[in-house]
file data.cif (mmCIF, C-alpha atoms and all ligand atoms)
data_final
#
loop_
_atom_site.label_atom_id
_atom_site.label_comp_id
_atom_site.auth_asym_id
_atom_site.auth_seq_id
_atom_site.Cartn_x
_atom_site.Cartn_y
_atom_site.Cartn_z
CA MET B 29 36.48 -50.69 183.85
CA ASN B 30 36.55 -54.39 183.01
CA LYS B 31 32.79 -54.93 182.94
CA THR B 32 30.35 -55.64 180.14
CA ILE B 33 26.93 -54.02 180.18
CA LEU B 34 24.15 -55.05 177.83
CA ILE B 35 21.81 -52.18 177.00
CA THR B 36 18.55 -52.45 175.09
CA GLY B 37 17.26 -49.21 173.55
CA GLY B 38 20.76 -47.71 173.69
CA THR B 39 20.28 -46.02 170.32
CA GLY B 40 17.31 -43.95 171.55
CA TYR B 41 17.00 -40.50 173.09
CA ILE B 42 17.72 -41.49 176.72
CA GLY B 43 19.70 -44.61 175.79
CA SER B 44 22.28 -42.63 173.80
CA TRP B 45 23.19 -40.63 176.93
CA VAL B 46 23.44 -43.80 179.02
CA THR B 47 25.67 -45.40 176.36
CA LYS B 48 27.85 -42.27 176.23
CA TYR B 49 28.35 -42.24 180.02
CA LEU B 50 29.11 -45.98 180.09
CA LEU B 51 31.70 -45.64 177.30
CA GLU B 52 33.30 -42.64 179.00
CA LYS B 53 33.63 -44.72 182.16
CA GLY B 54 35.43 -47.41 180.19
CA TYR B 55 32.75 -50.12 180.15
CA THR B 56 32.29 -52.55 177.29
CA VAL B 57 28.80 -51.75 176.05
CA ARG B 58 26.78 -54.42 174.25
CA LEU B 59 24.09 -52.54 172.45
CA THR B 60 21.12 -54.37 170.98
CA LEU B 61 19.23 -52.89 168.05
CA ARG B 62 16.65 -54.08 165.61
CA ASP B 63 18.47 -53.49 162.34
CA LYS B 64 22.24 -53.14 162.08
CA SER B 65 21.99 -51.85 158.50
CA LYS B 66 20.40 -48.57 159.74
CA THR B 67 23.77 -47.03 160.60
CA GLN B 68 22.31 -43.51 160.94
CA LYS B 69 20.66 -44.74 164.17
CA TYR B 70 24.00 -45.39 165.87
CA GLN B 71 26.78 -43.52 164.01
CA HIS B 72 26.77 -40.90 166.83
CA LEU B 73 27.65 -43.66 169.32
CA ILE B 74 30.55 -44.91 167.18
CA ASP B 75 31.87 -41.33 167.16
CA ILE B 76 31.58 -41.16 170.97
CA GLU B 77 33.32 -44.54 171.34
CA LYS B 78 36.37 -43.25 169.41
CA SER B 79 37.17 -40.62 172.03
CA SER B 80 36.32 -42.83 175.03
CA ASP B 81 38.05 -45.59 176.99
CA GLY B 82 35.11 -47.93 176.42
CA LYS B 83 34.27 -50.50 173.77
CA LEU B 84 31.04 -50.75 171.79
CA GLU B 85 29.53 -53.96 170.40
CA PHE B 86 26.37 -54.23 168.30
CA TRP B 87 23.97 -57.16 168.47
CA GLU B 88 20.71 -57.52 166.54
CA ALA B 89 17.68 -58.35 168.73
CA ASP B 90 13.98 -57.51 168.51
CA LEU B 91 11.95 -57.27 171.70
CA LEU B 92 9.30 -59.52 170.12
CA SER B 93 11.55 -62.45 169.17
CA GLU B 94 11.78 -65.04 171.88
CA GLY B 95 15.32 -65.91 172.88
CA ALA B 96 16.80 -62.97 170.92
CA PHE B 97 18.64 -61.62 173.98
CA ASP B 98 20.07 -64.94 175.21
CA LYS B 99 23.35 -64.68 173.32
CA PRO B 100 24.17 -61.03 174.14
CA ALA B 101 23.19 -61.63 177.80
CA GLU B 102 25.72 -64.45 178.19
CA GLY B 103 28.99 -62.83 179.23
CA SER B 104 27.34 -59.56 180.35
CA ASP B 105 27.74 -58.52 183.99
CA ALA B 106 24.55 -56.43 184.00
CA ILE B 107 21.65 -55.42 181.76
CA ILE B 108 20.02 -52.02 181.36
CA HIS B 109 16.63 -52.75 179.82
CA MET B 110 15.38 -49.52 178.31
CA ALA B 111 13.92 -50.46 174.91
CA SER B 112 10.17 -49.90 174.71
CA PRO B 113 8.14 -47.84 172.26
CA PHE B 114 7.41 -44.33 173.58
CA THR B 115 4.92 -42.99 171.09
CA LEU B 116 1.42 -41.55 171.22
CA ARG B 117 1.06 -41.99 167.42
CA PHE B 118 -0.09 -45.59 166.99
CA LYS B 119 -2.92 -47.50 165.29
CA ASP B 120 -3.00 -50.72 167.29
CA ALA B 121 -2.06 -50.20 170.96
CA GLN B 122 -1.81 -53.91 171.73
CA LYS B 123 0.59 -54.65 168.87
CA GLU B 124 2.60 -51.44 168.83
CA LEU B 125 2.90 -50.62 172.54
CA ILE B 126 1.86 -53.39 174.88
CA ASP B 127 3.33 -56.46 173.15
CA PRO B 128 6.85 -55.01 172.75
CA ALA B 129 6.85 -53.63 176.31
CA LEU B 130 5.58 -56.80 178.00
CA LYS B 131 7.03 -59.54 175.79
CA GLY B 132 10.27 -57.55 175.55
CA THR B 133 10.60 -57.40 179.33
CA ARG B 134 9.94 -61.14 179.57
CA ASN B 135 12.51 -61.89 176.85
CA VAL B 136 15.23 -59.69 178.27
CA LEU B 137 14.80 -60.69 181.92
CA CYS B 138 14.55 -64.40 181.09
CA ALA B 139 17.81 -64.00 179.14
CA ALA B 140 19.34 -62.58 182.34
CA SER B 141 18.21 -65.69 184.25
CA LYS B 142 19.43 -68.09 181.55
CA SER B 143 22.87 -66.48 181.52
CA SER B 144 25.60 -67.58 183.88
CA THR B 145 26.94 -64.04 184.29
CA VAL B 146 24.25 -61.33 184.81
CA GLU B 147 24.17 -60.03 188.39
CA LYS B 148 22.03 -56.92 188.04
CA VAL B 149 19.20 -55.60 185.86
CA VAL B 150 18.34 -51.90 185.75
CA LEU B 151 14.88 -51.41 184.24
CA THR B 152 13.70 -48.14 182.70
CA SER B 153 10.11 -47.90 183.82
CA SER B 154 8.27 -44.57 184.13
CA VAL B 155 6.09 -42.51 186.44
CA ALA B 156 3.42 -43.84 184.07
CA ALA B 157 3.82 -47.09 186.03
CA VAL B 158 3.30 -45.14 189.29
CA HIS B 159 0.12 -43.36 188.28
CA GLY B 160 -2.19 -43.24 185.26
CA ASP B 161 -4.53 -40.25 185.34
CA ASN B 162 -3.76 -37.13 187.36
CA ILE B 163 -7.09 -37.56 189.17
CA ASP B 164 -5.72 -40.83 190.67
CA MET B 165 -4.09 -38.78 193.46
CA LYS B 166 -7.48 -37.45 194.51
CA GLU B 167 -9.19 -40.83 194.10
CA LEU B 168 -6.58 -42.46 196.34
CA GLY B 169 -6.90 -39.65 198.90
CA ILE B 170 -3.14 -39.01 198.93
CA SER B 171 -1.12 -35.78 198.76
CA GLU B 172 1.72 -37.11 196.57
CA PHE B 173 2.79 -40.14 194.55
CA THR B 174 5.65 -42.19 195.96
CA GLU B 175 7.41 -45.40 194.98
CA GLU B 176 4.65 -47.31 196.82
CA HIS B 177 2.06 -46.52 194.17
CA PHE B 178 1.25 -48.47 191.02
CA ASN B 179 -0.87 -47.19 188.12
CA TYR B 180 -4.33 -48.78 188.46
CA SER B 181 -6.36 -46.65 186.04
CA SER B 182 -4.82 -47.25 182.60
CA THR B 183 -6.13 -49.90 180.21
CA VAL B 184 -5.50 -50.96 176.63
CA SER B 185 -8.06 -48.38 175.44
CA HIS B 186 -7.37 -45.61 177.98
CA GLN B 187 -3.75 -44.39 178.26
CA PRO B 188 -2.27 -47.53 176.61
CA TYR B 189 1.33 -46.26 176.76
CA SER B 190 1.03 -45.94 180.56
CA TYR B 191 -0.63 -49.36 180.65
CA SER B 192 2.30 -50.86 178.71
CA LYS B 193 4.73 -49.43 181.29
CA VAL B 194 2.88 -50.68 184.38
CA LEU B 195 2.37 -54.15 182.89
CA ALA B 196 6.06 -54.35 181.95
CA GLU B 197 7.27 -53.22 185.37
CA LYS B 198 4.96 -55.59 187.26
CA GLU B 199 6.16 -58.45 185.03
CA ALA B 200 9.76 -57.49 185.81
CA TRP B 201 9.12 -57.70 189.56
CA LYS B 202 7.41 -61.08 189.08
CA ILE B 203 10.36 -62.52 187.14
CA TYR B 204 12.78 -61.04 189.67
CA GLU B 205 10.95 -62.78 192.53
CA SER B 206 11.23 -66.15 190.75
CA GLN B 207 15.05 -66.25 190.83
CA ASN B 208 17.99 -65.31 193.02
CA GLN B 209 20.82 -64.70 190.55
CA TRP B 210 20.35 -60.99 189.75
CA LYS B 211 19.18 -57.88 191.55
CA LEU B 212 16.58 -55.55 190.05
CA VAL B 213 16.67 -51.75 190.31
CA VAL B 214 13.92 -49.71 188.65
CA ILE B 215 14.08 -46.11 187.42
CA ASN B 216 10.74 -44.25 187.04
CA PRO B 217 11.40 -41.01 185.15
CA SER B 218 8.75 -38.36 184.65
CA PHE B 219 8.65 -36.52 181.30
CA VAL B 220 12.21 -36.31 179.99
CA LEU B 221 13.59 -33.22 178.25
CA GLY B 222 17.03 -31.89 177.37
CA PRO B 223 19.50 -32.09 174.49
CA SER B 224 19.43 -35.13 172.22
CA LEU B 225 22.54 -36.89 170.91
CA THR B 226 20.50 -38.43 168.08
CA ILE B 227 18.15 -36.98 165.49
CA SER B 228 16.80 -40.44 164.58
CA SER B 229 14.71 -40.94 167.72
CA ASN B 230 10.93 -40.72 167.53
CA SER B 231 10.60 -40.14 171.29
CA GLU B 232 7.59 -38.06 172.35
CA SER B 233 10.02 -35.93 174.39
CA LEU B 234 11.51 -34.54 171.18
CA ASN B 235 8.13 -34.24 169.41
CA PHE B 236 6.64 -32.31 172.36
CA MET B 237 9.39 -29.69 172.50
CA LYS B 238 9.30 -29.18 168.73
CA ASP B 239 5.49 -28.81 168.80
CA MET B 240 5.71 -26.36 171.72
CA LEU B 241 8.27 -24.10 170.01
CA THR B 242 6.74 -24.19 166.53
CA GLY B 243 3.23 -23.09 167.44
CA LYS B 244 1.17 -26.28 167.81
CA TYR B 245 -0.26 -24.91 171.09
CA TYR B 246 -0.36 -21.28 169.91
CA MET B 247 -4.11 -20.86 170.45
CA GLY B 248 -3.92 -22.32 173.95
CA ALA B 249 -2.09 -24.87 176.10
CA PRO B 250 -3.89 -27.23 178.48
CA ASN B 251 -3.78 -27.11 182.26
CA LEU B 252 -2.24 -30.55 182.17
CA MET B 253 0.38 -31.21 184.81
CA PHE B 254 3.54 -33.28 184.31
CA GLY B 255 6.76 -33.95 186.15
CA PHE B 256 9.87 -32.92 184.19
CA VAL B 257 13.43 -34.24 184.39
CA ASP B 258 16.65 -33.68 182.42
CA VAL B 259 17.73 -36.50 180.11
CA ARG B 260 21.31 -36.35 181.48
CA ASP B 261 19.98 -36.80 185.04
CA VAL B 262 17.95 -39.81 183.90
CA ALA B 263 21.07 -41.31 182.30
CA ASN B 264 23.04 -40.60 185.47
CA ALA B 265 20.39 -42.29 187.60
CA HIS B 266 20.83 -45.45 185.52
CA ILE B 267 24.61 -45.39 186.08
CA LEU B 268 24.14 -44.79 189.83
CA ALA B 269 21.62 -47.65 189.99
CA LEU B 270 24.08 -49.89 188.16
CA GLU B 271 27.13 -49.06 190.25
CA ASN B 272 25.65 -48.60 193.73
CA GLU B 273 25.54 -52.00 195.42
CA LYS B 274 22.93 -50.82 197.90
CA ALA B 275 20.52 -49.54 195.21
CA GLU B 276 17.17 -51.33 195.40
CA GLY B 277 13.52 -50.92 194.43
CA ARG B 278 11.95 -48.11 192.44
CA HIS B 279 13.03 -44.48 191.99
CA ILE B 280 10.77 -41.63 190.90
CA LEU B 281 12.69 -38.97 188.94
CA ALA B 282 11.25 -35.45 188.67
CA GLU B 283 12.94 -32.08 189.05
CA ARG B 284 9.57 -30.35 189.41
CA THR B 285 5.95 -30.57 188.29
CA MET B 286 4.12 -27.88 186.33
CA ASN B 287 1.37 -27.70 183.77
CA VAL B 288 1.94 -27.30 180.04
CA TYR B 289 0.91 -23.64 180.04
CA GLU B 290 3.24 -22.84 182.99
CA PHE B 291 5.99 -24.67 181.13
CA SER B 292 5.44 -22.45 178.10
CA ARG B 293 5.67 -19.36 180.37
CA LEU B 294 9.01 -20.62 181.64
CA ILE B 295 10.29 -20.84 178.05
CA LYS B 296 8.94 -17.33 177.41
CA SER B 297 10.80 -16.00 180.45
CA ILE B 298 14.04 -17.15 178.80
CA TYR B 299 13.39 -16.38 175.12
CA GLY B 300 10.71 -13.67 175.14
CA ASN B 301 8.72 -13.67 171.89
CA LYS B 302 11.25 -15.58 169.79
CA TYR B 303 9.01 -18.68 169.54
CA LYS B 304 5.32 -19.13 168.74
CA LEU B 305 4.36 -20.05 172.31
CA PRO B 306 0.76 -20.45 173.58
CA LEU B 307 -1.22 -17.22 173.90
CA MET B 308 -3.27 -18.52 176.82
CA GLN B 309 -4.30 -21.50 178.93
CA SER B 310 -7.13 -23.38 177.18
CA PRO B 311 -10.32 -23.63 179.26
CA LYS B 312 -11.30 -27.25 179.90
CA PHE B 313 -14.61 -26.99 177.99
CA MET B 314 -12.68 -25.77 174.93
CA LEU B 315 -10.48 -28.87 175.05
CA TYR B 316 -13.56 -31.10 174.74
CA LEU B 317 -14.20 -29.32 171.41
CA VAL B 318 -10.68 -29.17 169.99
CA GLY B 319 -8.98 -32.01 171.93
CA TRP B 320 -9.05 -34.32 168.89
CA MET B 321 -6.50 -32.00 167.23
CA PHE B 322 -4.05 -32.88 170.00
CA ASN B 323 -5.04 -36.53 170.26
CA LEU B 324 -6.80 -35.83 173.62
CA LYS B 325 -9.87 -38.02 174.13
CA PRO B 326 -12.81 -36.87 176.32
CA LYS B 327 -12.10 -39.42 179.09
CA PHE B 328 -8.47 -38.31 179.20
CA ILE B 329 -9.47 -34.64 179.40
CA ARG B 330 -12.03 -35.35 182.13
CA ARG B 331 -9.59 -37.28 184.36
CA ASN B 332 -6.43 -35.25 183.79
CA VAL B 333 -6.94 -31.60 182.87
CA GLY B 334 -7.02 -29.30 185.90
CA TYR B 335 -5.82 -31.90 188.43
CA ASP B 336 -2.52 -31.19 190.16
CA ILE B 337 -0.02 -33.95 190.86
CA LYS B 338 2.95 -34.13 193.22
CA LEU B 339 5.82 -36.58 192.68
CA ASN B 340 8.07 -37.37 195.64
CA ASN B 341 11.70 -37.50 194.40
CA THR B 342 13.34 -37.92 197.85
CA LYS B 343 14.51 -41.50 197.31
CA SER B 344 16.34 -40.60 194.07
CA LYS B 345 18.29 -37.91 195.93
CA GLU B 346 18.91 -39.68 199.22
CA LYS B 347 19.47 -43.28 198.12
CA LEU B 348 20.88 -42.89 194.60
CA GLY B 349 22.60 -39.56 195.27
CA LEU B 350 21.09 -37.96 192.17
CA LYS B 351 21.53 -34.20 191.75
CA TYR B 352 18.91 -32.52 189.58
CA THR B 353 19.62 -30.07 186.73
CA PRO B 354 17.30 -27.03 186.98
CA LEU B 355 14.57 -27.14 184.33
CA GLU B 356 15.67 -23.72 183.01
CA LYS B 357 19.08 -25.17 182.04
CA THR B 358 17.41 -28.25 180.55
CA ILE B 359 15.33 -25.98 178.29
CA GLU B 360 18.27 -23.79 177.26
CA ASP B 361 20.50 -26.76 176.40
CA MET B 362 17.71 -28.48 174.49
CA VAL B 363 16.83 -25.38 172.45
CA ARG B 364 20.53 -24.85 171.62
CA GLN B 365 20.86 -28.45 170.44
CA MET B 366 17.67 -28.18 168.34
CA GLN B 367 19.08 -25.05 166.68
CA GLU B 368 22.45 -26.71 166.03
CA SER B 369 20.67 -29.75 164.54
CA LYS B 370 18.59 -27.37 162.32
CA ILE B 371 15.35 -28.63 163.90
CA LEU B 372 14.66 -25.00 164.90
CA LYS B 373 15.68 -21.74 163.30
P1 LIG B 401 13.19 -43.62 172.04
O1 LIG B 401 12.06 -43.84 171.09
O2 LIG B 401 14.22 -42.63 171.66
O3 LIG B 401 13.87 -45.00 172.40
C1 LIG B 401 13.17 -46.22 172.37
C2 LIG B 401 14.17 -47.33 172.13
O4 LIG B 401 13.48 -48.58 172.17
C3 LIG B 401 14.86 -47.22 170.77
O5 LIG B 401 16.24 -47.48 170.95
C4 LIG B 401 14.19 -48.33 169.97
O6 LIG B 401 15.06 -48.94 169.05
C5 LIG B 401 13.85 -49.34 171.04
N1 LIG B 401 12.75 -50.21 170.59
C6 LIG B 401 11.46 -49.87 170.39
N2 LIG B 401 10.77 -50.94 169.95
C7 LIG B 401 11.65 -51.97 169.88
C8 LIG B 401 11.57 -53.34 169.50
N3 LIG B 401 10.41 -53.89 169.08
N4 LIG B 401 12.68 -54.10 169.55
C9 LIG B 401 13.86 -53.57 169.95
N5 LIG B 401 14.02 -52.29 170.32
C10 LIG B 401 12.92 -51.51 170.28
O7 LIG B 401 12.49 -43.20 173.43
P2 LIG B 401 13.05 -42.68 174.83
O8 LIG B 401 14.53 -42.66 174.82
O9 LIG B 401 12.31 -41.46 175.17
O10 LIG B 401 12.54 -43.84 175.79
C11 LIG B 401 13.39 -44.87 176.29
C12 LIG B 401 12.73 -45.55 177.46
O11 LIG B 401 12.46 -44.59 178.50
C13 LIG B 401 11.39 -46.23 177.15
O12 LIG B 401 11.33 -47.42 177.91
C14 LIG B 401 10.36 -45.21 177.69
O13 LIG B 401 9.16 -45.84 178.04
C15 LIG B 401 11.11 -44.70 178.91
N6 LIG B 401 10.65 -43.41 179.40
C16 LIG B 401 10.73 -42.30 178.60
C17 LIG B 401 10.31 -41.05 179.07
C18 LIG B 401 10.41 -39.82 178.24
O14 LIG B 401 9.84 -38.78 178.64
N7 LIG B 401 11.11 -39.83 177.11
C19 LIG B 401 9.76 -40.91 180.44
C20 LIG B 401 9.73 -42.15 181.20
C21 LIG B 401 10.17 -43.33 180.69
P3 LIG B 401 15.07 -48.58 167.48
O15 LIG B 401 16.19 -47.61 167.38
O16 LIG B 401 15.33 -49.89 166.84
O17 LIG B 401 13.74 -47.97 167.13
#

call {"tool": "encode", "arguments": {"input": "data.cif", "output": "structure tokens"}}
result
Amino acid sequence: MNKTILITGGTGYIGSWVTKYLLEKGYTVRLTLRDKSKTQKYQHLIDIEKSSDGKLEFWEADLLSEGAFDKPAEGSDAIIHMASPFTLRFKDAQKELIDPALKGTRNVLCAASKSSTVEKVVLTSSVAAVHGDNIDMKELGISEFTEEHFNYSSTVSHQPYSYSKVLAEKEAWKIYESQNQWKLVVINPSFVLGPSLTISSNSESLNFMKDMLTGKYYMGAPNLMFGFVDVRDVANAHILALENEKAEGRHILAERTMNVYEFSRLIKSIYGNKYKLPLMQSPKFMLYLVGWMFNLKPKFIRRNVGYDIKLNNTKSKEKLGLKYTPLEKTIEDMVRQMQESKILK
């Protein structure tokens, strides 16, 4: 494959799988990272490169520095823009979540326009850009979320991570409309799980699974519904979006939806009593009392706990051709990797 792909966030949890697949397909991968001296963040990718037909290049670029992506964009055929902080542990939402997501998207997409070579941008958005609170489905009077919907209920003080994702995606569509050099394809994954190629990521996906298996929810898990999708399927969706000339618009990715307590029962059905899984489903009134222990604010509890959601994944299957890994296999492969990495006993 004689093509060069620039990827931002390629060192992260999802990005490492995308980088691996690109290298295995023989692409030249230009990976941007904040600090080249932190070799532990990308040594696993150098190891993958050695046994692949692809070529890996490293470029330093911070989402917040204007013009930082101009040089790596020049000479790239396409960009996968994935870098964005995915953390619920922050002090200043504006500085730590919203600025890097929004300014980063502006920086990266403007670099695509300034280049003479970029023909496609694949943006990693989220279902958080499709909907904010679970109650939104009821408020809108709809029976499922589709690619038509945009999150209207998040703000800088209420669900700021989701707000950062919807602002960034809307900005991407705006910049796309202002030019005619490159095409934009957007991937909107639900909550991503599955084995990690890196132990340096601080992704909430990895924190959640560790918390679930080590007893953080032992006294009770909330009736809080999510969509779930395997990290390898998310990586595949990015490759399909990149390579399929007809790919366009947004793509919701979810293998299924279930609440956190049901998810814990699914783990129990595979591993029995091996892990300290939740004893019961927490009643909503109890969450108002103990929610602070899980970083759940009253407004979040009120608008999310106990409300079902449905995510329509038809477009990802029919237009991208994505095949979903069953959640049971996702769990088994993730637990095995966590044991091998000594994160779990
Ligand atoms: P990770 O934390 O593992 O990856 C985030 C990546 O973004 C890292 O490579 C990180 O680089 C980079 N990054 C963060 N801030 C900056 C910055 N200021 N400048 C340059 N790079 C930066 O998270 P995930 O892999 O889980 O998430 C990747 C993407 O997928 C994000 O856009 C996230 O919103 C999205 N997503 C994730 C979901 C999930 O469930 N995990 C679900 C839906 C969407 P560094 O190594 O330098 O820290």

call {"tool": "closest_atom_pairs", "arguments": {"input": "data.cif", "of": "region 131-230 of chain B", "to": "region 280-295 of chain B", "cutoff": "7 Å", "atoms": "all atoms listed in the file", "output": "tab-separated table"}}
result
residue	atom	partner	partner_atom	distance
B:Val155	CA	B:Ile280	CA	6.5
B:Glu175	CA	B:Ile280	CA	6.5
B:Ile215	CA	B:Ile280	CA	6.6
B:Asn216	CA	B:Ile280	CA	4.7
B:Pro217	CA	B:Leu281	CA	4.5
B:Ser218	CA	B:Ala282	CA	5.6

call {"tool": "residues_around", "arguments": {"input": "data.cif", "residues": "Tyr335 (chain B)", "least_positions_apart": "6", "cutoff": "8 Å", "atoms": "all atoms listed in the file", "output": "ChimeraX atom specification"}}
result
/B:162-163,252-253

call {"tool": "atom_distance", "arguments": {"input": "data.cif", "atom1": "CA of Leu116 (chain B)", "atom2": "CA of Leu137 (chain B)"}}
result
25.7 Å

call {"tool": "residues_near_ligand", "arguments": {"input": "data.cif", "ligand": "ligand LIG 401 (chain B)", "cutoff": "7 Å", "atoms": "only C-alpha atoms and all ligand atoms", "output": "number ranges by chain"}}
result
B: 36-43, 61-63, 69, 89-92, 110-114, 128, 152-155, 193, 216-221, 229-233

call {"tool": "closest_residue", "arguments": {"input": "data.cif", "among": "B:Leu51, B:Leu241, B:Ala200, B:Val214", "to": "Lys296 (chain B)", "atoms": "all atoms listed in the file"}}
result
B:Leu241

call {"tool": "atom_distance", "arguments": {"input": "data.cif", "atom1": "CA of Phe178 (chain B)", "atom2": "CA of Lys198 (chain B)"}}
result
8.9 Å

call {"tool": "residues_around", "arguments": {"input": "data.cif", "residues": "Lys142 (chain B)", "least_positions_apart": "2", "cutoff": "12 Å", "atoms": "only C-alpha atoms", "output": "number ranges by chain"}}
result
B: 95, 97-104, 134-140, 144-147, 207-210

call {"tool": "write_last_selection", "arguments": {"input": "data.cif", "atoms": "C-alpha atoms", "output": "compact mmCIF listing (two decimals), in the frame of the given file"}}
result
# COMPACT_ATOMS: atom_id res chain seq x y z
CA GLY B 95 15.32 -65.91 172.88
CA PHE B 97 18.64 -61.62 173.98
CA ASP B 98 20.07 -64.94 175.21
CA LYS B 99 23.35 -64.68 173.32
CA PRO B 100 24.17 -61.03 174.14
CA ALA B 101 23.19 -61.63 177.80
CA GLU B 102 25.72 -64.45 178.19
CA GLY B 103 28.99 -62.83 179.23
CA SER B 104 27.34 -59.56 180.35
CA ARG B 134 9.94 -61.14 179.57
CA ASN B 135 12.51 -61.89 176.85
CA VAL B 136 15.23 -59.69 178.27
CA LEU B 137 14.80 -60.69 181.92
CA CYS B 138 14.55 -64.40 181.09
CA ALA B 139 17.81 -64.00 179.14
CA ALA B 140 19.34 -62.58 182.34
CA SER B 144 25.60 -67.58 183.88
CA THR B 145 26.94 -64.04 184.29
CA VAL B 146 24.25 -61.33 184.81
CA GLU B 147 24.17 -60.03 188.39
CA GLN B 207 15.05 -66.25 190.83
CA ASN B 208 17.99 -65.31 193.02
CA GLN B 209 20.82 -64.70 190.55
CA TRP B 210 20.35 -60.99 189.75

call {"tool": "decode", "arguments": {"input": "data.cif", "residues": "region 148-159 of chain B", "atoms": "N, CA, C and O atoms", "output": "PDB file, in the first residue's frame"}}
result
ATOM      1  N   LYS B 148      -9.083  12.794   2.300  1.00  0.00           N
ATOM      2  CA  LYS B 148     -10.160  12.317   3.179  1.00  0.00           C
ATOM      3  C   LYS B 148      -9.782  12.526   4.646  1.00  0.00           C
ATOM      4  O   LYS B 148      -8.612  12.391   5.014  1.00  0.00           O
ATOM      5  N   VAL B 149     -10.784  12.843   5.469  1.00  0.00           N
ATOM      6  CA  VAL B 149     -10.595  12.904   6.914  1.00  0.00           C
ATOM      7  C   VAL B 149     -11.616  11.957   7.546  1.00  0.00           C
ATOM      8  O   VAL B 149     -12.806  12.021   7.223  1.00  0.00           O
ATOM      9  N   VAL B 150     -11.133  11.059   8.405  1.00  0.00           N
ATOM     10  CA  VAL B 150     -12.038  10.224   9.199  1.00  0.00           C
ATOM     11  C   VAL B 150     -11.961  10.754  10.626  1.00  0.00           C
ATOM     12  O   VAL B 150     -10.877  10.814  11.214  1.00  0.00           O
ATOM     13  N   LEU B 151     -13.103  11.170  11.154  1.00  0.00           N
ATOM     14  CA  LEU B 151     -13.130  11.768  12.493  1.00  0.00           C
ATOM     15  C   LEU B 151     -13.718  10.784  13.498  1.00  0.00           C
ATOM     16  O   LEU B 151     -14.787  10.218  13.263  1.00  0.00           O
ATOM     17  N   THR B 152     -13.029  10.594  14.632  1.00  0.00           N
ATOM     18  CA  THR B 152     -13.586   9.775  15.704  1.00  0.00           C
ATOM     19  C   THR B 152     -14.445  10.672  16.579  1.00  0.00           C
ATOM     20  O   THR B 152     -13.932  11.443  17.389  1.00  0.00           O
ATOM     21  N   SER B 153     -15.747  10.582  16.371  1.00  0.00           N
ATOM     22  CA  SER B 153     -16.649  11.308  17.255  1.00  0.00           C
ATOM     23  C   SER B 153     -17.130  10.318  18.303  1.00  0.00           C
ATOM     24  O   SER B 153     -16.334   9.535  18.822  1.00  0.00           O
ATOM     25  N   SER B 154     -18.415  10.277  18.605  1.00  0.00           N
ATOM     26  CA  SER B 154     -18.906   9.408  19.678  1.00  0.00           C
ATOM     27  C   SER B 154     -20.433   9.405  19.627  1.00  0.00           C
ATOM     28  O   SER B 154     -21.030  10.333  19.058  1.00  0.00           O
ATOM     29  N   VAL B 155     -21.054   8.419  20.266  1.00  0.00           N
ATOM     30  CA  VAL B 155     -22.515   8.538  20.426  1.00  0.00           C
ATOM     31  C   VAL B 155     -22.823   9.686  21.383  1.00  0.00           C
ATOM     32  O   VAL B 155     -23.957  10.167  21.413  1.00  0.00           O
ATOM     33  N   ALA B 156     -21.799  10.142  22.121  1.00  0.00           N
ATOM     34  CA  ALA B 156     -21.987  11.308  22.988  1.00  0.00           C
ATOM     35  C   ALA B 156     -22.287  12.563  22.159  1.00  0.00           C
ATOM     36  O   ALA B 156     -22.792  13.550  22.693  1.00  0.00           O
ATOM     37  N   ALA B 157     -21.959  12.526  20.876  1.00  0.00           N
ATOM     38  CA  ALA B 157     -22.325  13.645  19.991  1.00  0.00           C
ATOM     39  C   ALA B 157     -23.715  13.433  19.388  1.00  0.00           C
ATOM     40  O   ALA B 157     -24.277  14.333  18.772  1.00  0.00           O
ATOM     41  N   VAL B 158     -24.269  12.230  19.576  1.00  0.00           N
ATOM     42  CA  VAL B 158     -25.611  11.907  19.062  1.00  0.00           C
ATOM     43  C   VAL B 158     -26.654  12.225  20.127  1.00  0.00           C
ATOM     44  O   VAL B 158     -27.686  12.818  19.849  1.00  0.00           O
ATOM     45  N   HIS B 159     -26.348  11.804  21.364  1.00  0.00           N
ATOM     46  CA  HIS B 159     -27.264  12.153  22.459  1.00  0.00           C
ATOM     47  C   HIS B 159     -26.467  12.447  23.724  1.00  0.00           C
ATOM     48  O   HIS B 159     -25.358  11.950  23.901  1.00  0.00           O
TER      49      HIS B 159
END
